[in-house]
Amino acid sequence: MGALRAEKIRFQLIGMSAAVLQGVPVVTHDVDLWIDLPARQYMRAVNIAVRESATMVRNTVIELSDGMLVNFIYAVTGLGSFATELKKAQKMKFHGCEIPVMPLESIRRSKAALMRDKDPAHIHAIDQTLRLRNKTK
Amino acid sequence: MKATSLKDWRKVYGRIKHTRGLDEHEKILYARSLAATPDERWQMNETFLRSFGLWGRSALKKFASS
């Protein structure tokens, strides 16, 4: 993530990995990074990661040296532009870096727009977390 | 509430224990997750996956075959 920053490529953490960091008790096997690049430039992000000793798994998926899978995303359904969503992102410390993380409300909106088989369960967990988080404030 | 970490989960549990619609197990699960720091939350996720051998590239093959 530091390498992306050094190349001045903006990104934000999205999806259930972002939800996990905000306290949603689910399990996810990869980290979704929304990259502010056109999809046709997918190799730029992959090349940067490979230079940092990651391994390319698929066109948009890399594996870091500790086994963490990172999925580069170039478009997100149901949300505004990258810049609009980035303004709402909250900074969180993750793996020694301060990174922008998409808020739960936006993750929920994207999942509600997609509604794949797994999304209702994720939406339920997000709703419960938002409800309980309010009680702990 | 000020920043907490995993060790403070009982404090968080105390605030949500009267919530309706969740059983005891779920309340503890949410209390631990809400109390933890972002890094602790990710660590719990990773530890859980590793315990089933589902961490890293091999997980993709296992998910794909299921």
# chains A, B, ... in the order shown; residues from 1 in each chain; ligands from 1
>>> select_by_dssp(residues="chain A", states="strand (DSSP E)", output="ChimeraX atom specification")
/A:11-14,30-35,55-58,61-63,69-73,90-94,97-101
>>> interface_residues(of="chain A", to="chain B", cutoff="12 Å", atoms="only C-alpha atoms", output="ChimeraX atom specification")
/A:16-31,54-58,61-71,91-99,101,125-137
>>> atom_distance(atom1="atom CA of A:Ala75", atom2="atom CA of A:Pro120")
20.9 Å
>>> select_by_dssp(residues="chain A", states="alpha helix (DSSP H)", output="ChimeraX atom specification")
/A:2-6,15-21,42-51,82-88,104-114,119-136
>>> atom_distance(atom1="atom CA of A:Ile123", atom2="atom CA of A:Pro100")
21.0 Å
>>> closest_residue(among="A:Ala6, A:Leu13, A:Phe82, A:Val50", to="A:Leu37", atoms="only C-alpha atoms")
A:Phe82
